[in-house]
$ cat start-v7.pdb   # PDB, C-alpha atoms
ATOM      1  CA  MET Q 653      36.566  59.677  43.960
ATOM      2  CA  LEU Q 654      34.089  61.180  41.498
ATOM      3  CA  VAL Q 655      31.048  59.380  40.090
ATOM      4  CA  LEU Q 656      29.448  60.720  36.893
ATOM      5  CA  VAL Q 657      25.845  59.598  36.379
ATOM      6  CA  ALA Q 658      23.091  60.146  33.796
ATOM      7  CA  PRO Q 659      19.344  60.207  34.544
ATOM      8  CA  GLY Q 660      16.626  58.116  32.949
ATOM      9  CA  GLN Q 661      13.337  58.748  31.226
ATOM     10  CA  GLY Q 662      10.929  61.039  33.026
ATOM     11  CA  ALA Q 663      13.636  63.590  33.850
ATOM     12  CA  GLN Q 664      12.830  65.639  30.735
ATOM     13  CA  THR Q 665      10.779  68.859  30.943
ATOM     14  CA  PRO Q 666       9.648  71.232  28.173
ATOM     15  CA  GLY Q 667      12.389  73.602  27.067
ATOM     16  CA  PHE Q 668      15.095  72.098  29.272
ATOM     17  CA  LEU Q 669      17.674  72.117  26.459
ATOM     18  CA  THR Q 670      17.223  75.825  25.655
ATOM     19  CA  PRO Q 671      19.982  77.355  27.839
ATOM     20  CA  TRP Q 672      22.465  74.643  26.878
ATOM     21  CA  LEU Q 673      22.176  75.524  23.192
ATOM     22  CA  GLU Q 674      23.531  78.983  23.978
ATOM     23  CA  LEU Q 675      26.942  77.517  24.858
ATOM     24  CA  PRO Q 676      29.690  77.761  22.189
ATOM     25  CA  GLY Q 677      29.424  74.933  19.650
ATOM     26  CA  ALA Q 678      26.403  73.338  21.339
ATOM     27  CA  ALA Q 679      23.873  74.106  18.606
ATOM     28  CA  ASP Q 680      26.198  72.718  15.936
ATOM     29  CA  ARG Q 681      26.736  69.535  17.920
ATOM     30  CA  ILE Q 682      22.997  69.024  18.430
ATOM     31  CA  ALA Q 683      22.383  69.692  14.719
ATOM     32  CA  ALA Q 684      24.941  67.055  13.714
ATOM     33  CA  TRP Q 685      23.437  64.491  16.087
ATOM     34  CA  SER Q 686      19.952  65.330  14.806
ATOM     35  CA  ASP Q 687      21.063  64.632  11.239
ATOM     36  CA  ALA Q 688      22.681  61.363  12.297
ATOM     37  CA  ILE Q 689      19.541  59.955  13.917
ATOM     38  CA  GLY Q 690      16.807  61.659  11.877
ATOM     39  CA  LEU Q 691      15.270  63.520  14.818
ATOM     40  CA  ASP Q 692      15.178  67.281  15.402
ATOM     41  CA  LEU Q 693      16.678  67.321  18.896
ATOM     42  CA  ALA Q 694      16.807  71.113  19.064
ATOM     43  CA  HIS Q 695      13.068  71.382  18.391
ATOM     44  CA  TYR Q 696      12.121  68.758  20.949
ATOM     45  CA  GLY Q 697      14.500  70.163  23.567
ATOM     46  CA  THR Q 698      13.332  73.761  23.214
ATOM     47  CA  LYS Q 699       9.846  74.092  21.700
ATOM     48  CA  ALA Q 700       8.009  70.793  22.171
ATOM     49  CA  ASP Q 701       5.388  70.419  24.883
ATOM     50  CA  ALA Q 702       5.280  67.835  27.661
ATOM     51  CA  ASP Q 703       3.206  65.347  25.671
ATOM     52  CA  GLU Q 704       5.565  65.472  22.688
ATOM     53  CA  ILE Q 705       8.655  64.764  24.778
ATOM     54  CA  ARG Q 706       6.847  62.070  26.750
ATOM     55  CA  ASP Q 707       6.915  59.994  23.547
ATOM     56  CA  THR Q 708       9.455  57.250  24.220
ATOM     57  CA  ALA Q 709      10.926  57.494  20.722
ATOM     58  CA  VAL Q 710      11.691  61.171  21.358
ATOM     59  CA  ALA Q 711      12.500  61.228  25.063
ATOM     60  CA  GLN Q 712      15.244  58.619  25.002
ATOM     61  CA  PRO Q 713      17.589  60.152  22.388
ATOM     62  CA  LEU Q 714      16.798  63.630  23.736
ATOM     63  CA  LEU Q 715      17.934  62.646  27.230
ATOM     64  CA  VAL Q 716      21.120  61.002  25.973
ATOM     65  CA  ALA Q 717      21.947  64.026  23.816
ATOM     66  CA  ALA Q 718      21.382  66.384  26.745
ATOM     67  CA  GLY Q 719      23.612  64.297  28.975
ATOM     68  CA  LEU Q 720      26.420  64.193  26.428
ATOM     69  CA  LEU Q 721      26.126  67.915  25.725
ATOM     70  CA  SER Q 722      26.251  68.914  29.393
ATOM     71  CA  ALA Q 723      29.157  66.595  30.128
ATOM     72  CA  ALA Q 724      31.111  68.082  27.213
ATOM     73  CA  ALA Q 725      30.516  71.536  28.697
ATOM     74  CA  LEU Q 726      32.372  70.458  31.832
ATOM     75  CA  GLY Q 727      35.608  70.118  29.858
ATOM     76  CA  ASP Q 728      38.130  67.363  30.482
ATOM     77  CA  VAL Q 729      37.087  65.269  33.450
ATOM     78  CA  LEU Q 730      38.251  61.842  34.552
ATOM     79  CA  PRO Q 731      35.621  60.289  36.842
ATOM     80  CA  GLY Q 732      36.436  57.195  38.845
ATOM     81  CA  VAL Q 733      33.096  55.603  37.944
ATOM     82  CA  VAL Q 734      30.336  56.189  35.381
ATOM     83  CA  ALA Q 735      26.778  54.864  35.438
ATOM     84  CA  GLY Q 736      23.341  55.736  34.139
ATOM     85  CA  HIS Q 737      19.790  54.996  35.201
ATOM     86  CA  SER Q 738      17.878  53.053  32.540
ATOM     87  CA  VAL Q 739      18.353  54.947  29.235
ATOM     88  CA  GLY Q 740      21.082  56.903  31.018
ATOM     89  CA  GLU Q 741      23.228  53.781  30.652
ATOM     90  CA  PHE Q 742      23.669  54.723  26.988
ATOM     91  CA  THR Q 743      25.014  58.108  28.054
ATOM     92  CA  ALA Q 744      27.329  56.369  30.509
ATOM     93  CA  ALA Q 745      28.537  53.951  27.816
ATOM     94  CA  ALA Q 746      29.626  56.981  25.785
ATOM     95  CA  PHE Q 747      31.286  58.539  28.844
ATOM     96  CA  ALA Q 748      33.260  55.316  29.270
ATOM     97  CA  GLY Q 749      34.328  55.223  25.609
ATOM     98  CA  VAL Q 750      32.465  51.973  24.903
ATOM     99  CA  LEU Q 751      30.528  53.747  22.124
ATOM    100  CA  ASP Q 752      31.186  57.100  20.499
ATOM    101  CA  ASP Q 753      28.505  59.750  20.900
ATOM    102  CA  THR Q 754      26.892  59.164  17.509
ATOM    103  CA  ALA Q 755      26.826  55.376  17.896
ATOM    104  CA  ALA Q 756      25.227  55.711  21.329
ATOM    105  CA  LEU Q 757      22.576  58.056  19.945
ATOM    106  CA  ARG Q 758      21.822  55.829  16.963
ATOM    107  CA  LEU Q 759      21.423  52.805  19.200
ATOM    108  CA  VAL Q 760      19.220  54.660  21.681
ATOM    109  CA  ARG Q 761      17.099  55.975  18.808
ATOM    110  CA  THR Q 762      16.474  52.338  17.828
ATOM    111  CA  ARG Q 763      15.726  51.535  21.473
ATOM    112  CA  GLY Q 764      13.211  54.347  21.786
ATOM    113  CA  LEU Q 765      11.367  53.410  18.601
ATOM    114  CA  ALA Q 766      11.298  49.713  19.514
ATOM    115  CA  MET Q 767      10.099  50.383  23.065
ATOM    116  CA  ALA Q 768       7.421  52.762  21.787
ATOM    117  CA  GLU Q 769       6.150  49.987  19.503
ATOM    118  CA  ALA Q 770       6.162  47.512  22.378
ATOM    119  CA  ALA Q 771       4.353  50.003  24.625
ATOM    120  CA  ALA Q 772       1.611  50.432  22.020
ATOM    121  CA  ILE Q 773       0.611  46.767  22.278
ATOM    122  CA  THR Q 774      -0.915  47.204  25.741
ATOM    123  CA  GLU Q 775      -1.637  50.423  27.659
ATOM    124  CA  THR Q 776       0.968  50.380  30.399
ATOM    125  CA  GLY Q 777       2.838  52.786  32.633
ATOM    126  CA  MET Q 778       5.032  53.276  35.702
ATOM    127  CA  SER Q 779       4.519  54.815  39.139
ATOM    128  CA  ALA Q 780       7.016  55.698  41.855
ATOM    129  CA  LEU Q 781       6.276  54.534  45.396
ATOM    130  CA  LEU Q 782       7.581  56.865  48.068
ATOM    131  CA  GLY Q 783       8.349  55.268  51.404
ATOM    132  CA  GLY Q 784       7.813  51.718  52.534
ATOM    133  CA  ASP Q 785      10.011  48.675  53.042
ATOM    134  CA  PRO Q 786      11.089  46.778  49.881
ATOM    135  CA  GLU Q 787      10.534  43.459  51.673
ATOM    136  CA  VAL Q 788       6.886  44.435  52.093
ATOM    137  CA  THR Q 789       6.438  46.429  48.886
ATOM    138  CA  VAL Q 790       7.790  43.957  46.321
ATOM    139  CA  PRO Q 791       5.511  41.029  47.323
ATOM    140  CA  HIS Q 792       2.562  43.441  47.382
ATOM    141  CA  LEU Q 793       3.340  44.546  43.815
ATOM    142  CA  GLU Q 794       3.618  40.951  42.678
ATOM    143  CA  LYS Q 795       0.221  40.223  44.219
ATOM    144  CA  LEU Q 796      -1.244  42.984  42.031
ATOM    145  CA  GLY Q 797       0.525  41.641  38.928
ATOM    146  CA  LEU Q 798       2.999  44.533  38.878
ATOM    147  CA  THR Q 799       6.793  44.463  38.510
ATOM    148  CA  ALA Q 800       9.306  46.316  40.681
ATOM    149  CA  ALA Q 801      10.906  47.723  37.532
ATOM    150  CA  ASN Q 802      13.261  50.171  39.285
ATOM    151  CA  VAL Q 803      14.653  49.472  42.736
ATOM    152  CA  ASN Q 804      16.257  52.836  43.347
ATOM    153  CA  GLY Q 805      17.282  52.666  46.981
ATOM    154  CA  ALA Q 806      16.557  55.235  49.689
ATOM    155  CA  GLY Q 807      13.055  53.786  50.031
ATOM    156  CA  GLN Q 808      12.046  54.336  46.416
ATOM    157  CA  ILE Q 809      10.672  51.623  44.151
ATOM    158  CA  VAL Q 810       9.032  52.152  40.754
ATOM    159  CA  ALA Q 811       6.204  49.801  39.851
ATOM    160  CA  ALA Q 812       5.324  48.992  36.247
ATOM    161  CA  GLY Q 813       2.425  47.238  34.591
ATOM    162  CA  THR Q 814      -0.935  47.823  32.947
ATOM    163  CA  MET Q 815      -2.919  50.971  33.717
ATOM    164  CA  GLU Q 816      -5.525  48.814  35.452
ATOM    165  CA  GLN Q 817      -2.874  47.286  37.703
ATOM    166  CA  LEU Q 818      -1.473  50.737  38.502
ATOM    167  CA  ALA Q 819      -4.975  51.990  39.347
ATOM    168  CA  ALA Q 820      -5.343  49.044  41.723
ATOM    169  CA  LEU Q 821      -2.050  50.066  43.342
ATOM    170  CA  GLU Q 822      -3.379  53.590  43.922
ATOM    171  CA  ALA Q 823      -6.365  52.090  45.733
ATOM    172  CA  ASP Q 824      -4.321  49.505  47.636
ATOM    173  CA  LYS Q 825      -0.908  50.918  48.574
ATOM    174  CA  PRO Q 826       1.624  48.685  50.344
ATOM    175  CA  GLU Q 827       1.988  49.270  54.063
ATOM    176  CA  GLY Q 828       4.315  52.201  54.760
ATOM    177  CA  VAL Q 829       4.068  53.736  51.278
ATOM    178  CA  ARG Q 830       3.158  57.426  51.597
ATOM    179  CA  ARG Q 831       2.471  58.277  47.973
ATOM    180  CA  VAL Q 832       2.167  56.699  44.539
ATOM    181  CA  VAL Q 833       3.298  59.100  41.795
ATOM    182  CA  ALA Q 834       2.660  58.406  38.104
ATOM    183  CA  LEU Q 835       5.798  58.932  36.009
ATOM    184  CA  LYS Q 836       6.128  60.817  32.718
ATOM    185  CA  VAL Q 837       6.797  57.692  30.682
ATOM    186  CA  ALA Q 838       4.743  55.935  28.034
ATOM    187  CA  GLY Q 839       5.069  52.291  28.958
ATOM    188  CA  ALA Q 840       5.992  49.603  31.485
ATOM    189  CA  PHE Q 841       9.734  49.738  30.875
ATOM    190  CA  HIS Q 842      12.072  47.095  32.274
ATOM    191  CA  THR Q 843       9.325  44.463  32.364
ATOM    192  CA  HIS Q 844       8.139  41.587  30.185
ATOM    193  CA  HIS Q 845       5.978  44.112  28.313
ATOM    194  CA  MET Q 846       9.187  45.320  26.618
ATOM    195  CA  ALA Q 847      10.303  41.893  25.398
ATOM    196  CA  PRO Q 848       9.380  42.658  21.744
ATOM    197  CA  ALA Q 849      11.927  45.493  21.750
ATOM    198  CA  VAL Q 850      14.855  43.293  22.740
ATOM    199  CA  ALA Q 851      15.193  41.510  19.386
ATOM    200  CA  LYS Q 852      15.273  44.800  17.459
ATOM    201  CA  LEU Q 853      17.925  46.200  19.756
ATOM    202  CA  GLU Q 854      19.966  43.004  19.470
ATOM    203  CA  ALA Q 855      19.963  43.308  15.677
ATOM    204  CA  ALA Q 856      21.117  46.935  15.823
ATOM    205  CA  ALA Q 857      23.812  46.108  18.378
ATOM    206  CA  LYS Q 858      25.382  43.558  16.009
ATOM    207  CA  GLU Q 859      26.458  46.449  13.767
ATOM    208  CA  LEU Q 860      28.572  48.005  16.545
ATOM    209  CA  SER Q 861      32.246  47.640  17.438
ATOM    210  CA  PRO Q 862      32.297  48.451  21.142
ATOM    211  CA  ALA Q 863      35.561  49.312  22.883
ATOM    212  CA  ALA Q 864      36.617  48.370  26.397
ATOM    213  CA  PRO Q 865      35.556  50.953  28.991
ATOM    214  CA  THR Q 866      38.227  53.539  29.756
ATOM    215  CA  THR Q 867      36.824  54.024  33.253
ATOM    216  CA  ARG Q 868      34.803  51.828  35.587
ATOM    217  CA  TYR Q 869      31.308  51.296  34.198
ATOM    218  CA  VAL Q 870      28.679  50.151  36.695
ATOM    219  CA  SER Q 871      25.731  48.193  35.281
ATOM    220  CA  ASN Q 872      22.041  48.531  36.211
ATOM    221  CA  LYS Q 873      21.647  44.774  35.992
ATOM    222  CA  ASP Q 874      23.424  43.959  39.220
ATOM    223  CA  GLY Q 875      25.547  46.946  40.232
ATOM    224  CA  GLN Q 876      28.704  45.231  39.015
ATOM    225  CA  VAL Q 877      31.662  46.874  37.263
ATOM    226  CA  VAL Q 878      31.786  45.668  33.651
ATOM    227  CA  THR Q 879      35.188  45.725  31.948
ATOM    228  CA  ASP Q 880      34.327  44.308  28.507
ATOM    229  CA  GLY Q 881      32.759  46.549  25.855
ATOM    230  CA  ALA Q 882      30.752  43.775  24.215
ATOM    231  CA  GLU Q 883      29.339  42.831  27.620
ATOM    232  CA  VAL Q 884      28.340  46.446  28.268
ATOM    233  CA  VAL Q 885      26.373  46.489  24.999
ATOM    234  CA  ALA Q 886      24.802  43.087  25.736
ATOM    235  CA  ARG Q 887      23.618  44.459  29.066
ATOM    236  CA  LEU Q 888      22.239  47.597  27.414
ATOM    237  CA  VAL Q 889      20.113  45.336  25.237
ATOM    238  CA  GLY Q 890      18.960  43.042  28.042
ATOM    239  CA  GLN Q 891      18.070  45.847  30.462
ATOM    240  CA  VAL Q 892      15.152  46.886  28.254
ATOM    241  CA  ALA Q 893      13.059  44.035  29.678
ATOM    242  CA  ASN Q 894      14.695  43.612  33.102
ATOM    243  CA  PRO Q 895      14.543  45.618  36.340
ATOM    244  CA  VAL Q 896      16.928  48.489  37.072
ATOM    245  CA  ARG Q 897      18.868  47.906  40.306
ATOM    246  CA  TRP Q 898      20.058  51.425  41.061
ATOM    247  CA  ASP Q 899      20.251  50.478  44.731
ATOM    248  CA  LEU Q 900      23.021  47.995  43.878
ATOM    249  CA  CYS Q 901      24.790  50.600  41.739
ATOM    250  CA  MET Q 902      24.919  52.947  44.712
ATOM    251  CA  GLU Q 903      26.232  50.171  46.933
ATOM    252  CA  THR Q 904      29.060  49.750  44.421
ATOM    253  CA  PHE Q 905      29.766  53.498  44.359
ATOM    254  CA  GLN Q 906      30.092  53.400  48.122
ATOM    255  CA  ALA Q 907      32.282  50.289  48.097
ATOM    256  CA  LEU Q 908      34.616  51.902  45.557
ATOM    257  CA  GLY Q 909      35.046  54.947  47.778
ATOM    258  CA  ALA Q 910      32.845  57.567  46.131
ATOM    259  CA  THR Q 911      33.229  61.035  47.637
ATOM    260  CA  ALA Q 912      31.356  63.094  45.020
ATOM    261  CA  LEU Q 913      28.641  62.584  42.407
ATOM    262  CA  ILE Q 914      27.701  64.737  39.426
ATOM    263  CA  GLU Q 915      24.451  64.095  37.562
ATOM    264  CA  VAL Q 916      24.400  65.377  33.994
ATOM    265  CA  CYS Q 917      21.480  67.262  32.439
ATOM    266  CA  PRO Q 918      18.598  67.041  33.185
ATOM    267  CA  GLY Q 919      19.907  66.391  36.664
ATOM    268  CA  GLY Q 920      18.059  66.180  39.951
ATOM    269  CA  THR Q 921      16.516  62.739  40.337
ATOM    270  CA  LEU Q 922      19.670  60.717  40.981
ATOM    271  CA  THR Q 923      21.304  63.373  43.152
ATOM    272  CA  GLY Q 924      18.127  63.441  45.235
ATOM    273  CA  ILE Q 925      18.370  59.689  45.794
ATOM    274  CA  ALA Q 926      22.112  59.925  46.498
ATOM    275  CA  LYS Q 927      21.604  62.565  49.186
ATOM    276  CA  ARG Q 928      19.472  60.070  51.095
ATOM    277  CA  ALA Q 929      21.364  56.863  50.305
ATOM    278  CA  LEU Q 930      24.984  58.091  50.214
ATOM    279  CA  PRO Q 931      25.453  60.372  53.232
ATOM    280  CA  GLY Q 932      28.698  62.326  53.112
ATOM    281  CA  VAL Q 933      28.957  62.191  49.309
ATOM    282  CA  SER Q 934      28.950  65.676  47.761
ATOM    283  CA  THR Q 935      26.536  66.102  44.843
ATOM    284  CA  VAL Q 936      25.850  68.504  41.977
ATOM    285  CA  ALA Q 937      22.965  68.198  39.520
ATOM    286  CA  LEU Q 938      23.424  69.843  36.118
ATOM    287  CA  LYS Q 939      20.051  71.439  35.425
ATOM    288  CA  THR Q 940      21.228  74.537  33.543
ATOM    289  CA  PRO Q 941      24.653  75.895  32.554
ATOM    290  CA  ASP Q 942      24.525  77.935  35.779
ATOM    291  CA  ASP Q 943      25.404  74.694  37.577
ATOM    292  CA  LEU Q 944      28.660  74.150  35.649
ATOM    293  CA  ASP Q 945      30.868  76.183  37.996
ATOM    294  CA  ALA Q 946      29.756  74.196  41.042
ATOM    295  CA  ALA Q 947      30.377  70.967  39.140
ATOM    296  CA  ARG Q 948      33.850  72.086  38.049
ATOM    297  CA  THR Q 949      34.698  72.922  41.654
ATOM    298  CA  LEU Q 950      33.619  69.429  42.683
ATOM    299  CA  ILE Q 951      35.704  67.946  39.871
ATOM    300  CA  ALA Q 952      38.790  69.867  40.985
ATOM    301  CA  GLU Q 953      38.377  68.505  44.500
ATOM    302  CA  HIS Q 954      37.432  64.907  43.752
ATOM    303  CA  ALA Q 955      38.342  63.775  40.212
ATOM    304  CA  ALA Q 956      41.354  61.636  39.365
ATOM    305  CA  VAL Q 957      42.918  64.543  37.444
TER     306      VAL Q 957
END
$ encode --input "start-v7.pdb" --output "structure tokens"
Amino acid sequence: MLVLVAPGQGAQTPGFLTPWLELPGAADRIAAWSDAIGLDLAHYGTKADADEIRDTAVAQPLLVAAGLLSAAALGDVLPGVVAGHSVGEFTAAAFAGVLDDTAALRLVRTRGLAMAEAAAITETGMSALLGGDPEVTVPHLEKLGLTAANVNGAGQIVAAGTMEQLAALEADKPEGVRRVVALKVAGAFHTHHMAPAVAKLEAAAKELSPAAPTTRYVSNKDGQVVTDGAEVVARLVGQVANPVRWDLCMETFQALGATALIEVCPGGTLTGIAKRALPGVSTVALKTPDDLDAARTLIAEHAAV
């Protein structure tokens, strides 16, 4: 059984879209999406520097566009499950047919702008903790005023809060944590700091007509399969200010019998976690079009059709 997943913010790197735009029809598709959302995706995916694509308002639609573009390059594929990490949930909602590509990009453009505004209120950020026991780490973060914004499984938790709180974490790591790594994001996402963005996203979501998922969609909120399109969209809105439980998503993948996992562009983060948390599950990360053949082989062996 094949799982198709989409990464979250921080996965972007300068120029990562460049080789994908060389595929037939890709440049035209990116141009059409750029017109639809008022953002030059080709520029940001090929020529912009790291600081430019760190901007939340840019990074989020850029990541969703890259995920949709790379998935389209795979051809017809019928995964058993789709899911996305944080903003990757918008990509997954399009995979599942809940939203069409343009609607997903318009909504995530609103999300990025609203979260950027919320992030500007207070200087905040996120840091990944490598190693440690969640039962020890989470109370330690709370003691420092931080939130366990991403519980990713395989020993990885992402803390979020003010820059002062994150500096305190660097100086006072939880027992068992080997490293604290600052992430390439511009705010404390999935925490109360993002609450101002929720209302704006709710207003934009009211304009949508979501469809029921055509394949099993697993939610970051609690790792549950969501079968109602309106509920998927409601969860997309709510997740802005609530923790990502990727650990529970992976538990669901395992319970549903996952045998293979493909992570769309810019892949690597989620496949890395899966290799540690889902032993025996074959993985492919789509980083460049050179990875498409390996992914198609995996699809032929594990997809429903």
$ atom_distance --input "start-v7.pdb" --atom1 "CA of Val750 (chain Q)" --atom2 "CA of Leu730 (chain Q)"
15.0 Å
$ residues_around --input "start-v7.pdb" --residues "Leu720 (chain Q)" --least-positions-apart "6" --cutoff "9 Å" --atoms "only C-alpha atoms" --output "list in words"
Thr743, Ala744, Ala746, Phe747, Asp753, Val916 and Cys917 of chain Q
$ resolve_selection --input "start-v7.pdb" --expression "the PyMOL selection byres ((chain Q and resi 819) around 12)" --output "number ranges by chain"
Q: 776-779, 796-798, 811-818, 820-825, 832-834
$ write_last_selection --input "start-v7.pdb" --atoms "C-alpha atoms" --output "tab-separated table (two decimals), in the frame of the given file"
chain	number	residue	atom	x	y	z
Q	776	THR	CA	0.97	50.38	30.40
Q	777	GLY	CA	2.84	52.79	32.63
Q	778	MET	CA	5.03	53.28	35.70
Q	779	SER	CA	4.52	54.82	39.14
Q	796	LEU	CA	-1.24	42.98	42.03
Q	797	GLY	CA	0.52	41.64	38.93
Q	798	LEU	CA	3.00	44.53	38.88
Q	811	ALA	CA	6.20	49.80	39.85
Q	812	ALA	CA	5.32	48.99	36.25
Q	813	GLY	CA	2.42	47.24	34.59
Q	814	THR	CA	-0.94	47.82	32.95
Q	815	MET	CA	-2.92	50.97	33.72
Q	816	GLU	CA	-5.52	48.81	35.45
Q	817	GLN	CA	-2.87	47.29	37.70
Q	818	LEU	CA	-1.47	50.74	38.50
Q	820	ALA	CA	-5.34	49.04	41.72
Q	821	LEU	CA	-2.05	50.07	43.34
Q	822	GLU	CA	-3.38	53.59	43.92
Q	823	ALA	CA	-6.36	52.09	45.73
Q	824	ASP	CA	-4.32	49.50	47.64
Q	825	LYS	CA	-0.91	50.92	48.57
Q	832	VAL	CA	2.17	56.70	44.54
Q	833	VAL	CA	3.30	59.10	41.80
Q	834	ALA	CA	2.66	58.41	38.10
$ resolve_selection --input "start-v7.pdb" --expression "the PyMOL selection byres ((chain Q and resi 862) around 10)" --output "VMD selection string"
chain Q and resid 745 749 to 752 755 857 to 861 863 to 865 880 to 885
$ resolve_selection --input "start-v7.pdb" --expression "the PyMOL selection byres ((chain Q and resi 838-848) around 9)" --output "PyMOL selection string"
chain Q and resi 706-708+738+766-778+799-802+811-814+835-837+849-852+891-896
$ residues_around --input "start-v7.pdb" --residues "Ala688 (chain Q)" --least-positions-apart "4" --cutoff "12 Å" --atoms "all atoms listed in the file" --output "ChimeraX atom specification"
/Q:681-684,692-693,713,717,753-759,761
$ write_last_selection --input "start-v7.pdb" --atoms "C-alpha atoms" --output "short mmCIF file (atom, residue, chain, number, x, y, z; two decimals), in the frame of the given file"
data_model
loop_
_atom_site.label_atom_id
_atom_site.label_comp_id
_atom_site.auth_asym_id
_atom_site.auth_seq_id
_atom_site.Cartn_x
_atom_site.Cartn_y
_atom_site.Cartn_z
CA ARG Q 681 26.74 69.54 17.92
CA ILE Q 682 23.00 69.02 18.43
CA ALA Q 683 22.38 69.69 14.72
CA ALA Q 684 24.94 67.06 13.71
CA ASP Q 692 15.18 67.28 15.40
CA LEU Q 693 16.68 67.32 18.90
CA PRO Q 713 17.59 60.15 22.39
CA ALA Q 717 21.95 64.03 23.82
CA ASP Q 753 28.50 59.75 20.90
CA THR Q 754 26.89 59.16 17.51
CA ALA Q 755 26.83 55.38 17.90
CA ALA Q 756 25.23 55.71 21.33
CA LEU Q 757 22.58 58.06 19.94
CA ARG Q 758 21.82 55.83 16.96
CA LEU Q 759 21.42 52.80 19.20
CA ARG Q 761 17.10 55.98 18.81
#
$ atom_distance --input "start-v7.pdb" --atom1 "CA of Thr762 (chain Q)" --atom2 "CA of Ile689 (chain Q)"
9.1 Å
$ atom_distance --input "start-v7.pdb" --atom1 "CA of Gly890 (chain Q)" --atom2 "CA of Gln661 (chain Q)"
17.0 Å
$ residues_around --input "start-v7.pdb" --residues "His695 (chain Q)" --least-positions-apart "2" --cutoff "12 Å" --atoms "all atoms listed in the file" --output "MDAnalysis selection string"
chainID Q and resid 666:670 673 679 682:683 686 691:693 697:701 704:705 710 714
$ write_last_selection --input "start-v7.pdb" --atoms "C-alpha atoms" --output "mmCIF file, in the coordinates of the input"
data_model
loop_
_atom_site.group_PDB
_atom_site.id
_atom_site.type_symbol
_atom_site.label_atom_id
_atom_site.label_comp_id
_atom_site.auth_asym_id
_atom_site.auth_seq_id
_atom_site.Cartn_x
_atom_site.Cartn_y
_atom_site.Cartn_z
ATOM 1 C CA PRO Q 666 9.648 71.232 28.173
ATOM 2 C CA GLY Q 667 12.389 73.602 27.067
ATOM 3 C CA PHE Q 668 15.095 72.098 29.272
ATOM 4 C CA LEU Q 669 17.674 72.117 26.459
ATOM 5 C CA THR Q 670 17.223 75.825 25.655
ATOM 6 C CA LEU Q 673 22.176 75.524 23.192
ATOM 7 C CA ALA Q 679 23.873 74.106 18.606
ATOM 8 C CA ILE Q 682 22.997 69.024 18.430
ATOM 9 C CA ALA Q 683 22.383 69.692 14.719
ATOM 10 C CA SER Q 686 19.952 65.330 14.806
ATOM 11 C CA LEU Q 691 15.270 63.520 14.818
ATOM 12 C CA ASP Q 692 15.178 67.281 15.402
ATOM 13 C CA LEU Q 693 16.678 67.321 18.896
ATOM 14 C CA GLY Q 697 14.500 70.163 23.567
ATOM 15 C CA THR Q 698 13.332 73.761 23.214
ATOM 16 C CA LYS Q 699 9.846 74.092 21.700
ATOM 17 C CA ALA Q 700 8.009 70.793 22.171
ATOM 18 C CA ASP Q 701 5.388 70.419 24.883
ATOM 19 C CA GLU Q 704 5.565 65.472 22.688
ATOM 20 C CA ILE Q 705 8.655 64.764 24.778
ATOM 21 C CA VAL Q 710 11.691 61.171 21.358
ATOM 22 C CA LEU Q 714 16.798 63.630 23.736
#
$ closest_residue --input "start-v7.pdb" --among "Q:Thr923, Q:Ala907, Q:Leu782, Q:Leu793" --to "Arg831 (chain Q)" --atoms "only C-alpha atoms"
Q:Leu782
$ closest_residue --input "start-v7.pdb" --among "Q:Thr935, Q:Thr949, Q:Thr940, Q:Thr879" --to "Leu656 (chain Q)" --atoms "only C-alpha atoms"
Q:Thr935
$ residues_near_point --input "start-v7.pdb" --point "(23.6, 50.9, 40.0)" --cutoff "12 Å" --atoms "only C-alpha atoms" --output "number ranges by chain"
Q: 655-659, 733-738, 740-741, 744, 802-805, 869-878, 895-907, 922, 925-926
$ residues_near_point --input "start-v7.pdb" --point "(37.9, 65.2, 43.2)" --cutoff "12 Å" --atoms "all atoms listed in the file" --output "list in words"
Met653, Leu654, Val655, Leu656, Val729, Leu730, Pro731, Gly732, Val733, Gly909, Ala910, Thr911, Ala912, Leu913, Ile914, Val933, Ser934, Thr935, Ala947, Arg948, Thr949, Leu950, Ile951, Ala952, Glu953, His954, Ala955, Ala956 and Val957 of chain Q
$ closest_residue --input "start-v7.pdb" --among "Q:Ala855, Q:Ala694, Q:Leu944, Q:Val790" --to "Ile809 (chain Q)" --atoms "all atoms listed in the file"
Q:Val790
